[in-house]
Structures are given as C-alpha cells and as structure tokens.
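Peer 1: Handing you a structure now.
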Amino acid sequence: MKITELVQQVVARKIKAREQVEASIAKARDIKEYHALLSLTEGRALARADEIDTKIANGKDAGVLAGVPFVVKDNYLAFGAPTTAASKMLEHFNAPLQATVVEKLEAAGAICIGKSNMDAFAHGGSTENSAFGVTHNAVDTTKVAGGSSGGSAVVTALDVVPFALGTDTGGSIRQPASFNGVLGFKPTYGLSSRYGVVAMASSTDTMGCFAKSADDIALVTSVMAGRDPRDMTTLPDYFEVQHDVPKNLKIGMIRETMTADVDTDVRAAVNNYADRLRAAGHTVEMVAMPSIKHALAIYYIVVPAEISSNLARYDGVRYGRRAEGVKTLAELYGRSRGEGFVTENKRRIMIGSYVLSSGFFDAYYLQAQKARTVLINEFNALFEQYDFLLMPTAPTPAFGIGENTDDPVKMYLADVMTVPPSLAGLPALSVPAGTSTQGLPIGVQLVGRAKSDAALIALAGSMEARV
Ligand code: GLN
C-alpha cells in the first residue's frame, strides 16, 4: 500500500494510528534475527499514535503522514531511545533534542517506532562495523545488508515500516537500497537539514529515505525538505512533487562505470533499464566521464579529513563515553577514544589527521579538493547535454558477511559508483532493477543536476509503471 493510501485510511478512521504502530512493532520483533534495529521507541510511539487518533476523532488536521510509522538510523537524534550511532562512544547517549527532519516528520503526523543498526558513525558499506553486531540482508541472510544505513534498508524491505531514514555521505542510502531491493534516495546536498544528526563528513552528509515506491520517496522528501536556520548549508525549499510523466529526456550512461570489472549481472540490469528508458521514449547514450576513476581516491582523502575533525569532539569530557580510573588528561582522551571507537573509525581518524597535517596537506588534501573540482566540472558539462545520468549503484550485488572485512580497500571499492555524486552534491536515487543469477537484488542509480530532485524521482516513478 502506498503511504498516501495508508494516511487516507487513518484519516477516514478505517484503521487507527495505534494499530499501525502496534503492527510495525510486532513485525520489528518478528525479524529480530536480522538485527536491523538497535532499539524500539515503543512507549513514545504509542503515546504519539493515541494523540494522532484523538486529533482525527476531533476532526483536526493530523498531517500528510498521519499515523505512518517509520524508523530512523541510529545517528539521528530522536527521543524515546538512546542515539548511539552504533558506537560504544554514544552507547548511553540520550539526545536532548531531535533532528530537524525528525521534528518535521513528526509535525506531519509520522511516528518513529525505532532506531536502526548501522556502521559505527556511518563509516562503512556493510553494517559490519556496528559496535553492536552485524545486520543481515533482507533477501539472503548470509549476505551483508550493505551500509552504512543497512538496518533502515532491511526494515523497509521486510515491510516493518513504509519508510525509513538513512544518511548518505558516500552511498550509505543508495548502496543498501540496491542490496535489499528497495528505493533509496540521496537528495541534493542542502535539501534537508543536517541539524541533529551525528556528523560524519560535513561537506557530503545528506539526509534521505528508503521506501518501496517513487511516490513514497517524493512524499517523505517533500516533508523533510527545506531551509533550517540551524543548518546554514540548507537551501530554501525548492522541492515540489512532480506528477507529470517526464518525456523525451536525454540520459547519459557513464561508460567508465560499465567496464568488465563490474559484475555481469549488474551491467545487464543497467543495460536493461536503459532499454526500458528507450522504450518509454527517452534517449540513452554512452558518455565519457574520465575523472570518475579518481572519485574514490578523492573521497577517501576528503572524507577522512572531515571525519577526523568532526570526531575530535568526542574527548570523554563533554559527552559520550568517559574511561574510568584514568590518572592524566592524555590518558582520559586516549582511553575514552580507544574504547569508544571501532577500528574503522580509528583508521579514518588517522588517515584524516595525516592528510591534514602540515607536511602533507598540499600533497593530499589540497590536491584532492582540486581533483574534486575537476570532477564537479565534468558533471556540470554532462548536465549541459543530458537531463540525467545512469550508472550502477554498486559494482556487485550484496557480498557475503565477512567476505571483505579483512581488506579495507576491497570494502572501499564497493563505494566506487556512489561517491561521485556525493562529492558533487548531486541528487541520486537507487531503484530496484532486477536480480542477479543468484537471486540477489540489483539497483541502478539515476543521478540528476543539483536541485532536480523532484524530476529525478518522477522519472523513476514513471518507469515503475512500465515494468
Ligand atoms: N561506504 C561509504 C564509506 O564508508 C559511505 C558511507 C556513508 O555514506 N555514510 O564512507
């Protein structure tokens, strides 16, 4: 059922918000073995559901998402359960405020029922870096859920909730969406507020959602969007749900993302989607984007640099984990951070500190920022000729649990398709586009120019009807 239909039923009092919430919580308990959720916000969710039911009974407007249960990734500050970012550092952190987008969704009547598992501090692409255990893929439990927003993808795929929030810094919504067979949307940088979400890399962090249809993605995004005085990088709200079927679009398929080292089934899915776009009257052409091969290298310099700076605040003094029985301040910092961070967090802090250090800043960080500008210029040039770009979401379907854990570079390679739009701040949507020969879901990625979010989602929606 589409979210709008669900809301209509709640508003028409055919079904109660409370029943919706109870059903979601029961499903969440049913799928415990996937380890997709870190906590349930049951008490608060039921109380909010009752409030909404009362509002409706009194004939009041309960909002465009009245009574719709949802899940947030555990790096969103939200009431009702701790906000851990799946780390020991924040294991007992109860947020004193809620993220702007959570507030907005609540104001529209949506009800948060729980918080999902993720790679600690969102560093990863498999949800194996969680300090609290691995999340299993919704389709094949021997495979990873993808990440870092793996838990949110899995609860959407298994119909625990109609939508879930993730964060996408370099692919953390799109890649798990692809691995679990749902839609995952990373908006234009600045469309939705970052306020109240645990920071990873401030120049590419975006707040987006998972759902099972383009209409649902559009509706949820329309509520999340907008300028927030507490996040100075947010844009004035330009997002307007587009209902017209897009026609005669020019779509570029990036040649460098369709090479022989990309899984055959993945390439077949992209080619098949291109054929379907053509059948719908659009033009699809191969285009070159030479700098895309440097995107991963750029990302793994710029992002760790920002991580090392953002994670400096966890010093064991102000909030978060504080080591016991220490004698000196240096020991307090060292032990608190040593206990609170997982290996991948530490790796990134070290890389980031290194590339920002005085002797290496010019050679690495500055060089990476220059290369990032080259990449952005190439995207801009392509968008002068093409409306949208098409490429795989990930080079492979979901990989096995444990398969890449010993080799960080192999793990980073899974991000090769998702980091380019992130570095350029562009909107990108992963849509389900078939299955591998092993039966695993495969997603394809549509990328638009900045602020084309609504048109991008509309294109995906128009294609759903044509399966
Ligand atoms: N997998 C990517 C990384 O590890 C993306 C993470 C994210 O988007 N939060 O950095």
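Chain lettering (A, B, ...) mirrors the order of the structure tokens, residue numbering begins at 1 for each chain separately, and ligand numbering begins at 1 in order of display.
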Apply DSSP to the structure's backbone, then extract all residues of range 278-402 of chain A labelled alpha helix (DSSP H) and return them as a PyMOL selection string.
Peer 2: chain A and resi 278-279+295-310+329-340+343-356+367-385
Peer 1: List all protein, DNA and RNA residues that have any atom at most 7 Å from ligand 1, counting only C-alpha atoms and all ligand atoms, and write the list as a tab-separated table (two decimals) with N, CA, C and O atoms, in the first residue's frame.
Peer 2:
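Contents of the output file out_7.tsv:
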```tsv
chain	number	residue	atom	x	y	z
A	122	ALA	N	28.61	5.74	10.87
A	122	ALA	CA	28.31	5.68	9.42
A	122	ALA	C	29.55	5.42	8.57
A	122	ALA	O	29.56	5.68	7.38
A	123	HIS	N	30.61	4.89	9.20
A	123	HIS	CA	31.83	4.58	8.46
A	123	HIS	C	31.77	3.13	7.97
A	123	HIS	O	32.09	2.21	8.71
A	124	GLY	N	31.35	2.97	6.73
A	124	GLY	CA	31.33	1.61	6.20
A	124	GLY	C	30.28	1.44	5.14
A	124	GLY	O	29.48	2.33	4.85
A	125	GLY	N	30.28	0.25	4.55
A	125	GLY	CA	29.34	-0.04	3.48
A	125	GLY	C	28.73	-1.41	3.62
A	125	GLY	O	28.34	-2.04	2.64
A	147	GLY	N	25.59	-0.83	3.58
A	147	GLY	CA	25.67	0.18	4.63
A	147	GLY	C	26.11	1.52	4.09
A	147	GLY	O	26.29	1.68	2.89
A	148	SER	N	26.21	2.43	4.98
A	148	SER	CA	26.13	2.22	6.41
A	148	SER	C	24.70	2.16	6.95
A	148	SER	O	24.50	1.73	8.08
A	167	THR	N	21.29	8.08	6.30
A	167	THR	CA	22.15	9.20	5.93
A	167	THR	C	23.06	8.70	4.82
A	167	THR	O	23.41	7.52	4.78
A	168	ASP	N	23.39	9.60	3.91
A	168	ASP	CA	24.20	9.22	2.76
A	168	ASP	C	25.31	10.25	2.60
A	168	ASP	O	25.07	11.40	2.25
A	169	THR	N	26.53	9.80	2.88
A	169	THR	CA	27.71	10.65	2.79
A	169	THR	C	28.49	10.27	1.54
A	169	THR	O	29.12	11.11	0.90
A	170	GLY	N	28.44	8.97	1.22
A	170	GLY	CA	29.15	8.48	0.04
A	170	GLY	C	28.45	7.26	-0.53
A	170	GLY	O	29.07	6.47	-1.24
A	171	GLY	N	27.18	7.09	-0.17
A	171	GLY	CA	26.45	5.94	-0.72
A	171	GLY	C	25.62	5.18	0.28
A	171	GLY	O	24.98	4.19	-0.06
A	172	SER	N	25.63	5.62	1.52
A	172	SER	CA	25.04	4.83	2.60
A	172	SER	C	23.54	4.65	2.56
A	172	SER	O	23.00	3.84	3.32
A	173	ILE	N	22.85	5.36	1.68
A	173	ILE	CA	21.43	5.05	1.45
A	173	ILE	C	21.30	4.23	0.17
A	173	ILE	O	20.63	3.20	0.13
A	412	TYR	N	36.22	-0.48	0.43
A	412	TYR	CA	36.04	0.87	-0.12
A	412	TYR	C	35.64	0.81	-1.60
A	412	TYR	O	34.93	1.68	-2.08
A	415	ASP	N	32.17	1.33	-2.92
A	415	ASP	CA	31.62	2.69	-2.94
A	415	ASP	C	31.93	3.43	-4.24
A	415	ASP	O	31.59	4.60	-4.39
```
Peer 1: Would you mind telling me which residue in A:Lys27, A:His35, A:Arg255, A:Arg372 lies nearest to Ser203 in chain A when using only C-alpha atoms?
Peer 2: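 The shortest atom-to-atom distance to Ser203 in chain A comes from A:Arg372.
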Peer 1: Could you check the closest approach to Lys115 in chain A for each of A:Gly80, A:Gly461, A:Pro441, A:Gly402 and tell me which residue wins, using only C-alpha atoms?
Peer 2: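 Once distances to Lys115 in chain A are computed over only C-alpha atoms, the minimum belongs to A:Gly80.
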Peer 1: Range 100-122 of chain A near range 40-60 of chain A within 10 Å: what's each residue's closest atom pair and its distance in Å to one decimal, counting only C-alpha atoms, ordered by chain then ascending residue number, as a Markdown table?
Peer 2:
```
| residue | atom | partner | partner_atom | distance |
| --- | --- | --- | --- | --- |
| A:Glu106 | CA | A:Arg48 | CA | 9.0 |
| A:Gly109 | CA | A:Ile52 | CA | 7.0 |
| A:Ala110 | CA | A:Ala49 | CA | 8.9 |
| A:Ile111 | CA | A:Ala45 | CA | 5.9 |
| A:Cys112 | CA | A:Ala45 | CA | 6.2 |
| A:Ile113 | CA | A:Thr41 | CA | 5.0 |
| A:Gly114 | CA | A:Leu40 | CA | 4.0 |
| A:Lys115 | CA | A:Leu40 | CA | 6.3 |
| A:Ser116 | CA | A:Leu40 | CA | 8.9 |
```
Peer 1: Store the residues picked out above, limited to N, CA and C atoms, as a PDB file, in the first residue's frame.
Peer 2:
```pdb
ATOM      1  N   GLU A 106       7.522  14.323  12.364  1.00  0.00           N
ATOM      2  CA  GLU A 106       6.547  14.203  13.452  1.00  0.00           C
ATOM      3  C   GLU A 106       5.444  15.250  13.314  1.00  0.00           C
ATOM      4  N   GLY A 109       2.783  14.156  11.258  1.00  0.00           N
ATOM      5  CA  GLY A 109       1.980  13.028  11.733  1.00  0.00           C
ATOM      6  C   GLY A 109       2.661  11.670  11.709  1.00  0.00           C
ATOM      7  N   ALA A 110       3.897  11.600  11.186  1.00  0.00           N
ATOM      8  CA  ALA A 110       4.607  10.315  11.149  1.00  0.00           C
ATOM      9  C   ALA A 110       5.067   9.941  12.565  1.00  0.00           C
ATOM     10  N   ILE A 111       5.240   8.645  12.786  1.00  0.00           N
ATOM     11  CA  ILE A 111       5.571   8.168  14.138  1.00  0.00           C
ATOM     12  C   ILE A 111       6.811   7.274  14.101  1.00  0.00           C
ATOM     13  N   CYS A 112       7.856   7.718  14.770  1.00  0.00           N
ATOM     14  CA  CYS A 112       9.101   6.938  14.810  1.00  0.00           C
ATOM     15  C   CYS A 112       8.930   5.768  15.778  1.00  0.00           C
ATOM     16  N   ILE A 113       9.156   4.559  15.279  1.00  0.00           N
ATOM     17  CA  ILE A 113       8.963   3.382  16.149  1.00  0.00           C
ATOM     18  C   ILE A 113      10.283   2.732  16.576  1.00  0.00           C
ATOM     19  N   GLY A 114      11.387   3.155  15.971  1.00  0.00           N
ATOM     20  CA  GLY A 114      12.638   2.530  16.383  1.00  0.00           C
ATOM     21  C   GLY A 114      13.835   3.100  15.661  1.00  0.00           C
ATOM     22  N   LYS A 115      15.011   2.628  16.086  1.00  0.00           N
ATOM     23  CA  LYS A 115      16.269   3.155  15.564  1.00  0.00           C
ATOM     24  C   LYS A 115      17.098   2.002  14.998  1.00  0.00           C
ATOM     25  N   SER A 116      17.616   2.240  13.811  1.00  0.00           N
ATOM     26  CA  SER A 116      18.197   1.114  13.081  1.00  0.00           C
ATOM     27  C   SER A 116      19.713   1.004  13.207  1.00  0.00           C
TER      28      SER A 116
END
```
Peer 1: For Met232 in chain A, which of A:Val262, A:Ala279, A:Val198, A:Leu191 is the closest residue, counting only C-alpha atoms?
Peer 2: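 The answer is A:Leu191, which sits nearest to Met232 in chain A.
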Peer 1: Do you know which residues are at most 8 Å from range 248-250 of chain A counting only C-alpha atoms, after dropping those on the same chain fewer than 5 positions away, and could you put them as a PyMOL selection string?
Peer 2: chain A and resi 281-285+385-388
Peer 1: Please provide the set of residues having any atom within 9 Å of Ala460 in chain A, restricted to only C-alpha atoms, with same-chain residues fewer than 2 positions apart removed, written as a PDB file with C-alpha atoms, in the first residue's frame.
Peer 2:
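Dumped to result_1.pdb:
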```pdb
ATOM      1  CA  SER A 213       7.866   3.409  -4.451  1.00  0.00           C
ATOM      2  CA  ALA A 214       8.913   6.685  -6.023  1.00  0.00           C
ATOM      3  CA  LEU A 429      18.353   7.626  -6.495  1.00  0.00           C
ATOM      4  CA  VAL A 431      15.915   1.934  -7.843  1.00  0.00           C
ATOM      5  CA  LEU A 446      19.888   7.714 -11.570  1.00  0.00           C
ATOM      6  CA  ALA A 455      12.156  15.432 -11.584  1.00  0.00           C
ATOM      7  CA  LEU A 456      14.572  12.603 -10.802  1.00  0.00           C
ATOM      8  CA  ILE A 457      12.053  10.894  -8.527  1.00  0.00           C
ATOM      9  CA  ALA A 458       9.296  11.451 -11.110  1.00  0.00           C
ATOM     10  CA  SER A 462       7.212   6.789 -14.449  1.00  0.00           C
ATOM     11  CA  MET A 463       9.429   3.748 -15.019  1.00  0.00           C
ATOM     12  CA  GLU A 464       7.802   1.737 -12.209  1.00  0.00           C
TER      13      GLU A 464
END
```
Peer 1: Between A:Asp315, A:Asp205, A:Asp74, A:Asp159, which residue has the minimum interatomic distance to Ala120 in chain A, considering only C-alpha atoms?
Peer 2: A:Asp74
Peer 1: Could you tell me which of A:Ser178, A:Asn310, A:Ser358, A:Gln367 comes closest to Pro392 in chain A if we count only C-alpha atoms?
Peer 2: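 Distance minimum relative to Pro392 in chain A lands on A:Ser178.
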Peer 1: Would you kindly return, as a list in words, each protein, DNA or RNA residue with an atom no farther than 9 Å from any atom of Pro427 in chain A, considering only C-alpha atoms and excluding same-chain residues fewer than 4 positions away?
Peer 2: Phe185, Lys186, Pro187, Thr188, Tyr189, Pro421, Ser422, Leu446, Val447, Gly448, Arg449, Ala450, Lys451, Ser452, Asp453 and Leu456 of chain A
Peer 1: Go ahead and compute the interatomic distance for CA of Val10 in chain A and CA of Ala66 in chain A, in Å to one decimal.
Peer 2: 6.9 Å
Peer 1: Pick out the closest residue to Val419 in chain A from this set: A:Thr84, A:Thr393, A:Ser436, A:Ser149. Count only C-alpha atoms.
Peer 2: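 Among the listed residues, the smallest separation from Val419 in chain A belongs to A:Thr393.
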Peer 1: Residues of range 64-183 of chain A that approach range 319-341 of chain A to 9 Å or less, counting only C-alpha atoms: could you list each one with the shortest pair of atoms and its distance in Å to one decimal, rows by chain and increasing residue number, as a Markdown table?
Peer 2:
```
| residue | atom | partner | partner_atom | distance |
| --- | --- | --- | --- | --- |
| A:Ser87 | CA | A:Gly340 | CA | 6.5 |
| A:Lys88 | CA | A:Gly340 | CA | 4.7 |
| A:Met89 | CA | A:Gly340 | CA | 3.8 |
| A:Leu90 | CA | A:Gly320 | CA | 5.0 |
| A:Glu91 | CA | A:Arg321 | CA | 7.6 |
| A:His92 | CA | A:Gly320 | CA | 7.6 |
| A:Phe93 | CA | A:Gly320 | CA | 6.5 |
| A:Ala120 | CA | A:Phe341 | CA | 7.8 |
| A:Phe121 | CA | A:Phe341 | CA | 8.7 |
| A:Ala131 | CA | A:Phe341 | CA | 8.4 |
```
